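To be precise, the following lines are run.csv, and they hold CSV, C-alpha atoms and all ligand atoms.
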```csv
chain,number,residue,atom,x,y,z
A,1,MET,CA,-87.5,-15.6,5.4
A,2,ASN,CA,-87.8,-13.1,2.6
A,3,ARG,CA,-84.7,-11.2,1.6
A,4,ILE,CA,-84.8,-7.4,0.9
A,5,LEU,CA,-83.4,-6.9,-2.6
A,6,GLU,CA,-83.9,-3.2,-3.1
A,7,LYS,CA,-84.7,-0.2,-0.8
A,8,LYS,CA,-85.5,3.4,-1.9
A,9,GLN,CA,-86.8,6.4,0.0
A,10,LEU,CA,-89.7,8.0,-1.9
A,11,SER,CA,-90.3,10.9,0.5
A,12,ALA,CA,-89.5,12.0,4.1
A,13,GLN,CA,-91.5,9.1,5.6
A,14,VAL,CA,-92.2,6.8,2.7
A,15,TRP,CA,-90.1,3.8,1.6
A,16,GLN,CA,-90.2,1.4,-1.2
A,17,MET,CA,-88.8,-2.1,-0.8
A,18,VAL,CA,-88.5,-5.0,-3.2
A,19,LEU,CA,-88.6,-8.4,-1.5
A,20,GLU,CA,-88.0,-11.9,-2.6
A,21,ALA,CA,-91.3,-13.8,-2.6
A,22,PRO,CA,-91.6,-16.0,-5.7
A,23,LEU,CA,-94.9,-17.7,-4.8
A,24,ILE,CA,-96.7,-14.5,-3.9
A,25,ALA,CA,-95.3,-12.8,-7.0
A,26,GLN,CA,-96.8,-15.5,-9.2
A,27,GLU,CA,-100.2,-15.4,-7.6
A,28,ARG,CA,-100.9,-11.8,-6.7
A,29,LYS,CA,-103.5,-9.6,-8.5
A,30,ALA,CA,-104.1,-5.9,-8.3
A,31,GLY,CA,-105.7,-4.9,-5.0
A,32,GLN,CA,-104.3,-7.7,-2.9
A,33,PHE,CA,-102.0,-7.3,0.1
A,34,ILE,CA,-99.5,-9.2,2.3
A,35,ILE,CA,-99.2,-9.4,6.1
A,36,LEU,CA,-95.7,-9.2,7.3
A,37,GLN,CA,-94.0,-9.9,10.6
A,38,LEU,CA,-90.4,-8.7,11.3
A,39,ASP,CA,-89.9,-11.1,14.2
A,40,THR,CA,-91.9,-14.3,14.3
A,41,ASP,CA,-91.7,-14.6,18.1
A,42,TYR,CA,-92.7,-11.1,19.2
A,43,GLY,CA,-93.4,-9.0,16.1
A,44,GLU,CA,-96.9,-7.8,15.3
A,45,ARG,CA,-98.5,-8.6,12.0
A,46,ILE,CA,-99.1,-5.6,9.7
A,47,PRO,CA,-100.8,-5.5,6.3
A,48,LEU,CA,-99.3,-3.8,3.4
A,49,THR,CA,-100.5,-3.7,-0.2
A,50,ILE,CA,-98.5,-5.4,-2.9
A,51,ALA,CA,-97.7,-2.3,-5.0
A,52,ASP,CA,-96.1,-4.3,-7.8
A,53,ALA,CA,-94.7,-7.7,-8.5
A,54,ASP,CA,-92.3,-9.4,-10.9
A,55,PRO,CA,-93.2,-13.1,-11.4
A,56,VAL,CA,-90.1,-13.7,-13.5
A,57,ARG,CA,-87.7,-12.3,-10.9
A,58,GLY,CA,-89.9,-13.7,-8.1
A,59,THR,CA,-90.3,-10.4,-6.2
A,60,VAL,CA,-93.0,-8.2,-4.7
A,61,THR,CA,-92.8,-4.4,-4.1
A,62,ILE,CA,-94.2,-2.7,-1.0
A,63,ILE,CA,-94.4,1.0,-0.4
A,64,PHE,CA,-95.0,2.0,3.2
A,65,GLN,CA,-95.1,5.1,5.4
A,66,THR,CA,-93.4,5.1,8.8
A,67,VAL,CA,-96.3,5.9,11.2
A,68,GLY,CA,-95.4,3.8,14.2
A,69,ARG,CA,-93.1,1.1,15.7
A,70,THR,CA,-93.3,-1.7,13.2
A,71,THR,CA,-93.1,0.5,10.1
A,72,SER,CA,-90.1,2.3,11.7
A,73,LEU,CA,-88.4,-1.0,12.4
A,74,LEU,CA,-89.1,-2.1,8.8
A,75,ALA,CA,-87.5,1.2,7.4
A,76,GLU,CA,-84.3,0.4,9.4
A,77,LYS,CA,-83.8,-2.8,7.4
A,78,ASN,CA,-81.4,-2.7,4.6
A,79,VAL,CA,-80.7,-4.6,1.3
A,80,GLY,CA,-79.6,-8.1,2.2
A,81,ASP,CA,-81.6,-8.1,5.5
A,82,PHE,CA,-84.7,-10.4,5.9
A,83,VAL,CA,-88.3,-10.0,6.7
A,84,GLU,CA,-89.0,-13.1,8.8
A,85,ASN,CA,-92.6,-13.8,7.8
A,86,LEU,CA,-94.6,-12.8,4.7
A,87,VAL,CA,-98.1,-14.1,4.1
A,88,GLY,CA,-100.1,-13.6,0.9
A,89,PRO,CA,-101.5,-12.7,-1.4
A,90,LEU,CA,-104.5,-11.9,0.8
A,91,GLY,CA,-107.8,-10.2,0.1
A,92,ARG,CA,-110.0,-10.2,-2.9
A,93,PRO,CA,-108.5,-8.8,-6.1
A,94,THR,CA,-109.9,-5.6,-7.6
A,95,HIS,CA,-112.7,-6.2,-10.1
A,96,ILE,CA,-111.0,-5.1,-13.3
A,97,ASP,CA,-113.0,-4.6,-16.4
A,98,LYS,CA,-113.6,-2.2,-19.3
A,99,PHE,CA,-115.9,0.2,-17.5
A,100,GLY,CA,-115.2,3.1,-19.9
A,101,SER,CA,-113.9,6.1,-18.0
A,102,VAL,CA,-112.3,5.5,-14.6
A,103,VAL,CA,-111.1,8.1,-12.1
A,104,CYS,CA,-108.5,6.9,-9.6
A,105,VAL,CA,-108.1,9.1,-6.5
A,106,GLY,CA,-105.1,8.6,-4.2
A,107,GLY,CA,-104.4,10.5,-1.0
A,108,GLY,CA,-101.0,10.4,0.7
A,109,ILE,CA,-99.7,6.9,1.0
A,110,GLY,CA,-103.0,5.7,-0.6
A,111,VAL,CA,-101.3,6.4,-3.9
A,112,ALA,CA,-99.2,3.3,-3.4
A,113,PRO,CA,-102.1,0.8,-3.2
A,114,LEU,CA,-103.8,2.7,-6.0
A,115,TYR,CA,-101.0,2.3,-8.5
A,116,PRO,CA,-101.4,-1.4,-9.4
A,117,ILE,CA,-105.2,-0.8,-9.7
A,118,ALA,CA,-104.6,2.2,-12.0
A,119,GLN,CA,-102.2,0.1,-14.1
A,120,ALA,CA,-104.7,-2.8,-14.4
A,121,MET,CA,-107.6,-0.4,-15.3
A,122,LYS,CA,-105.5,1.2,-18.0
A,123,ALA,CA,-104.4,-2.2,-19.4
A,124,ALA,CA,-108.1,-3.2,-19.5
A,125,GLY,CA,-108.8,-0.4,-22.0
A,126,ASN,CA,-110.3,2.3,-19.7
A,127,ARG,CA,-109.8,6.0,-20.1
A,128,LEU,CA,-107.8,6.6,-17.0
A,129,THR,CA,-107.9,9.9,-14.9
A,130,VAL,CA,-105.7,10.0,-11.8
A,131,ILE,CA,-106.0,12.5,-9.0
A,132,ILE,CA,-103.1,12.6,-6.5
A,133,GLY,CA,-103.5,14.5,-3.3
A,134,ALA,CA,-101.0,15.2,-0.6
A,135,ARG,CA,-100.5,17.7,2.3
A,136,THR,CA,-97.5,19.3,0.7
A,137,GLN,CA,-95.2,18.9,-2.4
A,138,GLU,CA,-92.6,16.6,-0.7
A,139,LEU,CA,-95.3,14.1,0.2
A,140,VAL,CA,-96.4,13.6,-3.4
A,141,ILE,CA,-95.4,10.0,-4.4
A,142,LEU,CA,-95.4,8.0,-7.7
A,143,GLU,CA,-96.3,11.1,-9.8
A,144,ASN,CA,-94.1,10.0,-12.7
A,145,GLU,CA,-95.3,6.5,-12.6
A,146,MET,CA,-99.0,7.6,-12.7
A,147,ARG,CA,-98.3,10.2,-15.4
A,148,ALA,CA,-96.8,7.4,-17.6
A,149,ILE,CA,-100.1,5.5,-17.6
A,150,ALA,CA,-102.8,8.1,-17.1
A,151,ASP,CA,-104.7,9.9,-19.9
A,152,GLU,CA,-105.1,12.8,-17.5
A,153,LEU,CA,-103.4,13.5,-14.2
A,154,VAL,CA,-104.3,16.1,-11.6
A,155,VAL,CA,-102.1,16.8,-8.5
A,156,VAL,CA,-103.5,18.8,-5.6
A,157,THR,CA,-101.8,19.8,-2.4
A,158,ASP,CA,-103.5,21.1,0.8
A,159,ASP,CA,-101.0,24.0,1.1
A,160,GLY,CA,-100.8,24.8,-2.6
A,161,SER,CA,-97.0,24.1,-2.7
A,162,TYR,CA,-97.5,21.9,-5.8
A,163,GLY,CA,-100.2,21.5,-8.4
A,164,ARG,CA,-103.6,22.9,-7.6
A,165,GLN,CA,-104.3,24.0,-4.0
A,166,GLY,CA,-107.1,22.1,-2.3
A,167,LEU,CA,-108.5,18.7,-1.5
A,168,VAL,CA,-109.0,15.8,-4.0
A,169,THR,CA,-112.8,16.2,-3.8
A,170,VAL,CA,-112.6,19.5,-5.7
A,171,PRO,CA,-111.4,18.0,-9.1
A,172,LEU,CA,-113.4,14.9,-8.3
A,173,LYS,CA,-116.6,17.0,-8.2
A,174,GLU,CA,-115.6,18.7,-11.5
A,175,PHE,CA,-115.2,15.3,-13.2
A,176,CYS,CA,-118.6,14.1,-11.9
A,177,GLU,CA,-120.2,17.3,-13.3
A,178,GLN,CA,-118.9,16.5,-16.8
A,179,THR,CA,-121.1,14.9,-19.4
A,180,PRO,CA,-121.0,12.0,-19.3
A,181,PRO,CA,-119.7,11.6,-15.7
A,182,PRO,CA,-117.1,8.9,-15.0
A,183,ASP,CA,-118.3,5.3,-15.1
A,184,LEU,CA,-116.3,4.4,-11.9
A,185,VAL,CA,-114.3,6.1,-9.2
A,186,VAL,CA,-111.7,4.2,-7.1
A,187,ALA,CA,-110.6,6.2,-4.0
A,188,ILE,CA,-107.8,5.1,-1.7
A,189,GLY,CA,-106.3,7.1,1.2
A,190,PRO,CA,-107.1,8.2,4.8
A,191,PRO,CA,-110.6,7.1,5.9
A,192,ILE,CA,-111.7,10.7,6.1
A,193,MET,CA,-110.7,11.3,2.4
A,194,MET,CA,-112.5,8.2,1.3
A,195,LYS,CA,-115.6,9.2,3.2
A,196,PHE,CA,-115.7,12.6,1.5
A,197,CYS,CA,-114.9,11.1,-1.9
A,198,ALA,CA,-117.9,8.8,-1.5
A,199,LYS,CA,-120.0,11.8,-0.4
A,200,THR,CA,-118.9,13.8,-3.4
A,201,THR,CA,-119.8,11.1,-6.0
A,202,GLU,CA,-123.1,10.0,-4.4
A,203,PRO,CA,-125.3,12.8,-5.7
A,204,TYR,CA,-124.1,12.0,-9.2
A,205,HIS,CA,-124.7,8.2,-8.8
A,206,VAL,CA,-121.1,7.4,-9.8
A,207,LYS,CA,-120.1,4.0,-8.5
A,208,THR,CA,-117.3,4.5,-6.0
A,209,ILE,CA,-114.9,1.8,-4.7
A,210,VAL,CA,-112.8,2.4,-1.6
A,211,SER,CA,-110.1,0.2,-0.2
A,212,LEU,CA,-110.4,0.0,3.6
A,213,ASN,CA,-107.4,0.1,5.9
A,214,THR,CA,-108.8,-1.4,9.1
A,215,ILE,CA,-106.7,-2.9,11.8
A,216,MET,CA,-105.8,-6.5,10.9
A,217,ILE,CA,-104.3,-9.4,13.0
A,218,ASP,CA,-104.7,-12.8,11.3
A,219,GLY,CA,-105.9,-11.6,7.9
A,220,THR,CA,-107.9,-14.8,7.4
A,221,GLY,CA,-111.3,-13.9,8.8
A,222,MET,CA,-110.9,-15.5,12.2
A,223,CYS,CA,-110.1,-12.7,14.7
A,224,GLY,CA,-112.8,-10.1,13.7
A,225,GLY,CA,-110.4,-7.2,14.2
A,226,CYS,CA,-111.0,-5.9,10.7
A,227,ARG,CA,-114.8,-5.9,10.8
A,228,VAL,CA,-116.7,-3.0,9.3
A,229,SER,CA,-120.3,-2.2,8.6
A,230,VAL,CA,-121.2,-2.1,4.9
A,231,GLY,CA,-124.8,-1.5,4.0
A,232,GLY,CA,-125.8,-2.4,7.6
A,233,GLN,CA,-124.1,-5.7,7.5
A,234,THR,CA,-120.9,-6.8,9.2
A,235,ARG,CA,-118.1,-7.6,6.7
A,236,PHE,CA,-114.5,-8.6,7.3
A,237,VAL,CA,-112.0,-6.4,5.3
A,238,CYS,CA,-109.4,-9.1,5.1
A,239,VAL,CA,-111.5,-11.8,3.4
A,240,ASP,CA,-114.6,-9.8,2.0
A,241,GLY,CA,-112.5,-6.8,1.0
A,242,PRO,CA,-110.4,-4.8,1.1
A,243,GLU,CA,-112.5,-3.0,-1.5
A,244,PHE,CA,-116.2,-2.1,-0.9
A,245,ASP,CA,-118.9,0.2,-2.3
A,246,GLY,CA,-117.9,3.5,-0.7
A,247,HIS,CA,-121.6,4.6,-0.6
A,248,GLN,CA,-122.4,1.7,1.8
A,249,VAL,CA,-119.5,1.9,4.2
A,250,ASP,CA,-120.0,3.3,7.8
A,251,PHE,CA,-116.8,5.4,7.8
A,252,ASP,CA,-117.6,6.9,11.2
A,253,GLN,CA,-117.7,3.5,12.9
A,254,MET,CA,-114.6,2.4,11.1
A,255,MET,CA,-112.6,5.6,12.2
A,256,GLN,CA,-113.7,5.0,15.8
A,257,ARG,CA,-112.5,1.4,15.7
A,258,LEU,CA,-109.2,2.5,14.1
A,259,GLY,CA,-108.4,4.5,17.2
A,260,ALA,CA,-109.0,1.5,19.6
A,261,PHE,CA,-105.3,0.9,20.3
A,262,ARG,CA,-103.9,4.4,20.2
A,263,PRO,CA,-102.5,4.3,23.8
A,264,GLN,CA,-100.7,1.1,23.1
A,265,GLU,CA,-99.4,2.3,19.7
A,266,LYS,CA,-98.2,5.5,21.4
A,267,ALA,CA,-96.4,3.6,24.2
A,268,ALA,CA,-94.8,1.2,21.6
A,269,MET,CA,-93.5,4.2,19.5
A,270,GLU,CA,-92.1,6.0,22.6
A,271,ALA,CA,-90.3,2.8,23.7
A,272,TYR,CA,-89.0,2.4,20.1
A,273,GLN,CA,-87.8,6.1,20.0
A,274,ALA,CA,-86.0,5.8,23.4
A,275,ASP,CA,-84.3,2.6,22.3
A,276,HIS,CA,-83.4,4.2,18.9
A,277,VAL,CA,-81.7,7.1,20.7
A,278,CYS,CA,-79.7,4.6,22.9
A,279,ARG,CA,-78.6,2.7,19.9
A,280,MET,CA,-77.5,5.9,18.0
A,281,GLN,CA,-75.6,7.0,21.1
A,282,ALA,CA,-73.9,3.6,21.4
A,283,ALA,CA,-73.0,3.7,17.7
A,284,ALA,CA,-71.6,7.2,18.0
A,285,ALA,CA,-69.5,6.3,21.0
A,286,ALA,CA,-68.1,3.2,19.2
A,287,LEU,CA,-67.2,5.4,16.2
A,288,LEU,CA,-65.5,8.0,18.4
A,289,ALA,CA,-63.5,5.2,20.2
A,290,ARG,CA,-62.3,3.8,16.9
A,291,GLN,CA,-61.3,7.3,15.6
A,292,THR,CA,-59.4,8.2,18.7
A,293,ALA,CA,-57.7,4.8,19.1
A,294,ARG,CA,-54.1,5.2,17.8
A,295,PRO,CA,-52.6,2.2,15.9
A,296,GLU,CA,-49.5,0.8,17.7
A,297,ALA,CA,-46.2,2.0,16.1
B,1,LIG,P1,-98.8,1.9,14.9
B,1,LIG,O1,-98.4,3.0,15.7
B,1,LIG,O2,-98.9,0.5,15.5
B,1,LIG,O3,-100.2,2.2,14.3
B,1,LIG,C1,-100.5,3.5,13.5
B,1,LIG,C2,-101.8,3.3,12.9
B,1,LIG,O4,-101.8,2.3,11.9
B,1,LIG,C3,-102.9,2.9,13.8
B,1,LIG,O5,-103.5,4.0,14.5
B,1,LIG,C4,-103.9,2.2,12.9
B,1,LIG,O6,-104.7,3.1,12.2
B,1,LIG,C5,-102.9,1.5,11.9
B,1,LIG,N1,-102.5,0.1,12.3
B,1,LIG,C6,-101.8,-0.3,13.4
B,1,LIG,N2,-101.7,-1.6,13.5
B,1,LIG,C7,-102.4,-2.1,12.4
B,1,LIG,C8,-102.6,-3.4,11.9
B,1,LIG,N3,-102.1,-4.5,12.5
B,1,LIG,N4,-103.3,-3.5,10.8
B,1,LIG,C9,-103.8,-2.4,10.1
B,1,LIG,N5,-103.6,-1.2,10.5
B,1,LIG,C10,-102.9,-1.0,11.6
B,1,LIG,N6,-99.7,1.3,4.9
B,1,LIG,C11,-98.7,1.7,4.1
B,1,LIG,O7,-97.9,2.5,4.5
B,1,LIG,N7,-98.7,1.1,2.8
B,1,LIG,C12,-99.5,0.2,2.3
B,1,LIG,O8,-99.4,-0.2,1.2
B,1,LIG,C13,-100.6,-0.2,3.2
B,1,LIG,N8,-101.5,-1.1,2.8
B,1,LIG,C14,-102.5,-1.5,3.7
B,1,LIG,C15,-103.4,-2.5,3.2
B,1,LIG,C16,-104.4,-2.9,4.0
B,1,LIG,C17,-105.3,-4.0,3.5
B,1,LIG,C18,-104.5,-2.4,5.4
B,1,LIG,C19,-105.6,-2.9,6.2
B,1,LIG,C20,-103.6,-1.4,5.8
B,1,LIG,C21,-102.6,-1.0,5.0
B,1,LIG,N9,-101.6,-0.1,5.4
B,1,LIG,C22,-100.6,0.4,4.5
B,1,LIG,C23,-101.6,0.5,6.8
B,1,LIG,C24,-100.5,-0.2,7.6
B,1,LIG,O9,-100.9,-1.6,7.9
B,1,LIG,C25,-100.3,0.5,9.0
B,1,LIG,O10,-99.8,1.8,8.7
B,1,LIG,C26,-99.3,-0.2,9.9
B,1,LIG,O11,-99.9,-1.4,10.4
B,1,LIG,C27,-98.9,0.6,11.1
B,1,LIG,O12,-98.1,-0.1,11.9
B,1,LIG,P2,-97.1,0.6,12.9
B,1,LIG,O13,-96.7,-0.4,14.0
B,1,LIG,O14,-95.9,1.2,12.2
B,1,LIG,O15,-97.9,1.8,13.5
B,2,LIG,FE1,-108.8,-11.0,11.5
B,2,LIG,FE2,-109.8,-9.9,9.4
B,2,LIG,S1,-107.9,-9.6,10.3
B,2,LIG,S2,-110.8,-11.3,10.7
B,3,MG,MG,-98.0,-1.2,15.5
```
Can you dump the structure from the file as structure tokens?
Amino acid sequence: MNRILEKKQLSAQVWQMVLEAPLIAQERKAGQFIILQLDTDYGERIPLTIADADPVRGTVTIIFQTVGRTTSLLAEKNVGDFVENLVGPLGRPTHIDKFGSVVCVGGGIGVAPLYPIAQAMKAAGNRLTVIIGARTQELVILENEMRAIADELVVVTDDGSYGRQGLVTVPLKEFCEQTPPPDLVVAIGPPIMMKFCAKTTEPYHVKTIVSLNTIMIDGTGMCGGCRVSVGGQTRFVCVDGPEFDGHQVDFDQMMQRLGAFRPQEKAAMEAYQADHVCRMQAAAAALLARQTARPEA
């Protein structure tokens, strides 16, 4: 059981939570993730990146977007509540080194897993450029945190409501055209964004690391749910990754596999929403009953 110590809303659908997890906090390195289960008997297992950790306090921080049933149930939890099962740290840590000039590109919720990597790249002595992309201004997260560590920060929004208008690949191409080009690019976000970041850097021969968000079940290399094709070979994201050479990943196959359970995910979300409405109605009825009940004279 892991107690929730802090909860903060970062944007309309994005939440940050600090959880008690002393052993994971001591062990974790940038790029690693946990798998959590809200209910050990019936809850599904979902992977979330460790966005930060405090080994002294014994806590890990997660940042997640409510996209379906389990993340919505997690967002309903409050400070003092528990997450029943937390496993980690999982996955291989990011290879951190003094590469020279590193460009970190984050799209949407991908900025959360990117943050600890950007921190570690900066601490290793690299010149750090960060590109943050979001659909619109209210979905931009961790801008102040990234600004505090980056030598240069570029924000782009699809609708132009904040920063530059356009996709992350536009400034990324500009950085690749500079002399010298970046020594390393790290791109994390929706698969389509990572695919086009890799396509952007390939002609410039700039090494590009992507962090893959495949479906995971056990997280220990046994179920095969997270398999991807990298350089023509089958790799397991949970134990061989989550980071891979973006120029080698078969993104089209990965995106196809990510949609394998859409009907089940949709049904689970609809059932959750119906249940949520019932619970809200019951709570409103109970409140009304309390307000209208008159104390005895
Ligand atoms: P559902 O409606 O069940 O699914 C919505 C979509 O989420 C699916 O279409 C699928 O693409 C993905 N998904 C569903 N189940 C799983 C699963 N068991 N494993 C992986 N993906 C799944 N999200 C964040 O918001 N923050 C993070 O820091 C983060 N880190 C991740 C790190 C890794 C290594 C991986 C693989 C994924 C990460 N994700 C992160 C994605 C997160 O796991 C999914 O958004 C979550 O599982 C969705 O669950 P759901 O029940 O709410 O949604
Ligand atoms: Fe089962 Fe990777 S999640 S093999
Ligand atoms: Mg789910």
Kindly provide, as a PyMOL selection string, all nucleotide and amino acid residues lying within 7 Å of ligand LIG 1 (chain B), counting all atoms listed in the file.
chain A and resi 33+44-51+62-72+109+112-113+212-217+238+242+258-259+261-262+265-266+269
Which protein, DNA or RNA residues have an atom within 9 Å of ligand LIG 2 (chain B), counting all atoms listed in the file, as a list in words?
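Written in the requested form, the residues are Thr214, Ile215, Met216, Ile217, Asp218, Gly219, Thr220, Gly221, Met222, Cys223, Gly224, Gly225, Cys226, Arg227, Phe236, Val237, Cys238, Val239 and Asp240 of chain A.
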Quote the spacing between CA of Ala120 in chain A and CA of Met193 in chain A in Å to one decimal place.
22.7 Å
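Closest approach to Val102 in chain A among A:Thr169, A:Glu27, A:Glu76, A:Lys207 is made by A:Lys207 (distances from all atoms listed in the file).
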Shortest interatomic distance to ligand MG 3 (chain B) - which of A:Arg279, A:Ala75, A:Asp54, A:Ala267, counting all atoms listed in the file
A:Ala267
Distance in Å - CA of Val60 in chain A versus CA of Arg3 in chain A
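Spanning CA of Val60 in chain A to CA of Arg3 in chain A is a straight-line distance of 10.8 Å.
Distances to ligand MG 3 (chain B) were evaluated for A:Ala271, A:Cys278, A:Val87, A:Val14 using all atoms listed in the file, and the minimum falls at A:Ala271.
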Have a look at A:Glu177, A:Ser11, A:Gln264, A:Ala284 and name the one nearest to ligand MG 3 (chain B); count only C-alpha atoms and all ligand atoms.
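For ligand MG 3 (chain B), the nearest of the candidates is A:Gln264.
Straight-line separation from CA of Ile35 in chain A to CA of Thr208 in chain A: 25.8 Å.
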Nearest to Pro171 in chain A, chosen from A:Ala274, A:Ile188, A:Val130, A:Leu287, with only C-alpha atoms counted in the distances:
A:Val130
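Using all atoms listed in the file for every distance, the candidate list A:Gly43, A:Pro55, A:Gly166, A:Pro203 yields A:Gly43 as the residue closest to ligand MG 3 (chain B).
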Select all residues near (-113.3, -5.1, -20.9) (cut-off 8 Å, inclusive, file coordinates), counting all atoms listed in the file, and output them as a list of chain:residue names.
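The answer, in the requested form, is A:Ile96, A:Asp97, A:Lys98, A:Phe99, A:Ala124, A:Gly125.
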Can you pull out the residues contacting Val111 in chain A? Cut-off 12 Å, using all atoms listed in the file, and skip same-chain residues under 4 positions away; I want them as a ChimeraX atom specification.
/A:10,14,49,51,62-65,104-107,115-118,130-134,139-146,155,186-190,211
With C-alpha atoms kept, could you save the residues just selected as a short mmCIF file (atom, residue, chain, number, x, y, z; two decimals), in the frame of the given file?
```cif
data_model
loop_
_atom_site.label_atom_id
_atom_site.label_comp_id
_atom_site.auth_asym_id
_atom_site.auth_seq_id
_atom_site.Cartn_x
_atom_site.Cartn_y
_atom_site.Cartn_z
CA LEU A 10 -89.70 8.00 -1.90
CA VAL A 14 -92.20 6.80 2.70
CA THR A 49 -100.50 -3.70 -0.20
CA ALA A 51 -97.70 -2.30 -5.00
CA ILE A 62 -94.20 -2.70 -1.00
CA ILE A 63 -94.40 1.00 -0.40
CA PHE A 64 -95.00 2.00 3.20
CA GLN A 65 -95.10 5.10 5.40
CA CYS A 104 -108.50 6.90 -9.60
CA VAL A 105 -108.10 9.10 -6.50
CA GLY A 106 -105.10 8.60 -4.20
CA GLY A 107 -104.40 10.50 -1.00
CA TYR A 115 -101.00 2.30 -8.50
CA PRO A 116 -101.40 -1.40 -9.40
CA ILE A 117 -105.20 -0.80 -9.70
CA ALA A 118 -104.60 2.20 -12.00
CA VAL A 130 -105.70 10.00 -11.80
CA ILE A 131 -106.00 12.50 -9.00
CA ILE A 132 -103.10 12.60 -6.50
CA GLY A 133 -103.50 14.50 -3.30
CA ALA A 134 -101.00 15.20 -0.60
CA LEU A 139 -95.30 14.10 0.20
CA VAL A 140 -96.40 13.60 -3.40
CA ILE A 141 -95.40 10.00 -4.40
CA LEU A 142 -95.40 8.00 -7.70
CA GLU A 143 -96.30 11.10 -9.80
CA ASN A 144 -94.10 10.00 -12.70
CA GLU A 145 -95.30 6.50 -12.60
CA MET A 146 -99.00 7.60 -12.70
CA VAL A 155 -102.10 16.80 -8.50
CA VAL A 186 -111.70 4.20 -7.10
CA ALA A 187 -110.60 6.20 -4.00
CA ILE A 188 -107.80 5.10 -1.70
CA GLY A 189 -106.30 7.10 1.20
CA PRO A 190 -107.10 8.20 4.80
CA SER A 211 -110.10 0.20 -0.20
#
```
Pick out the residues sitting within 12 Å of Phe251 in chain A, and hand them over as a PyMOL selection string; count all atoms listed in the file, and ignore anything fewer than 3 positions along from it in its own chain.
chain A and resi 190-199+210-214+227-232+244-248+254-258
Selection to disk with C-alpha atoms, as a PDB file, keeping the file's coordinate frame:
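For reference, again04.pdb as written:
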```pdb
ATOM      1  CA  PRO A 190    -107.100   8.200   4.800  1.00  0.00           C
ATOM      2  CA  PRO A 191    -110.600   7.100   5.900  1.00  0.00           C
ATOM      3  CA  ILE A 192    -111.700  10.700   6.100  1.00  0.00           C
ATOM      4  CA  MET A 193    -110.700  11.300   2.400  1.00  0.00           C
ATOM      5  CA  MET A 194    -112.500   8.200   1.300  1.00  0.00           C
ATOM      6  CA  LYS A 195    -115.600   9.200   3.200  1.00  0.00           C
ATOM      7  CA  PHE A 196    -115.700  12.600   1.500  1.00  0.00           C
ATOM      8  CA  CYS A 197    -114.900  11.100  -1.900  1.00  0.00           C
ATOM      9  CA  ALA A 198    -117.900   8.800  -1.500  1.00  0.00           C
ATOM     10  CA  LYS A 199    -120.000  11.800  -0.400  1.00  0.00           C
ATOM     11  CA  VAL A 210    -112.800   2.400  -1.600  1.00  0.00           C
ATOM     12  CA  SER A 211    -110.100   0.200  -0.200  1.00  0.00           C
ATOM     13  CA  LEU A 212    -110.400   0.000   3.600  1.00  0.00           C
ATOM     14  CA  ASN A 213    -107.400   0.100   5.900  1.00  0.00           C
ATOM     15  CA  THR A 214    -108.800  -1.400   9.100  1.00  0.00           C
ATOM     16  CA  ARG A 227    -114.800  -5.900  10.800  1.00  0.00           C
ATOM     17  CA  VAL A 228    -116.700  -3.000   9.300  1.00  0.00           C
ATOM     18  CA  SER A 229    -120.300  -2.200   8.600  1.00  0.00           C
ATOM     19  CA  VAL A 230    -121.200  -2.100   4.900  1.00  0.00           C
ATOM     20  CA  GLY A 231    -124.800  -1.500   4.000  1.00  0.00           C
ATOM     21  CA  GLY A 232    -125.800  -2.400   7.600  1.00  0.00           C
ATOM     22  CA  PHE A 244    -116.200  -2.100  -0.900  1.00  0.00           C
ATOM     23  CA  ASP A 245    -118.900   0.200  -2.300  1.00  0.00           C
ATOM     24  CA  GLY A 246    -117.900   3.500  -0.700  1.00  0.00           C
ATOM     25  CA  HIS A 247    -121.600   4.600  -0.600  1.00  0.00           C
ATOM     26  CA  GLN A 248    -122.400   1.700   1.800  1.00  0.00           C
ATOM     27  CA  MET A 254    -114.600   2.400  11.100  1.00  0.00           C
ATOM     28  CA  MET A 255    -112.600   5.600  12.200  1.00  0.00           C
ATOM     29  CA  GLN A 256    -113.700   5.000  15.800  1.00  0.00           C
ATOM     30  CA  ARG A 257    -112.500   1.400  15.700  1.00  0.00           C
ATOM     31  CA  LEU A 258    -109.200   2.500  14.100  1.00  0.00           C
TER      32      LEU A 258
END
```
Env of Arg57 in chain A: 9 Å cut, atoms = only C-alpha atoms, seq-sep filter 6 positions within chain, self excluded. Answer as a list in words.
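Near neighbours after the sequence-gap exclusion: Glu20, Pro22 and Ala25 of chain A.
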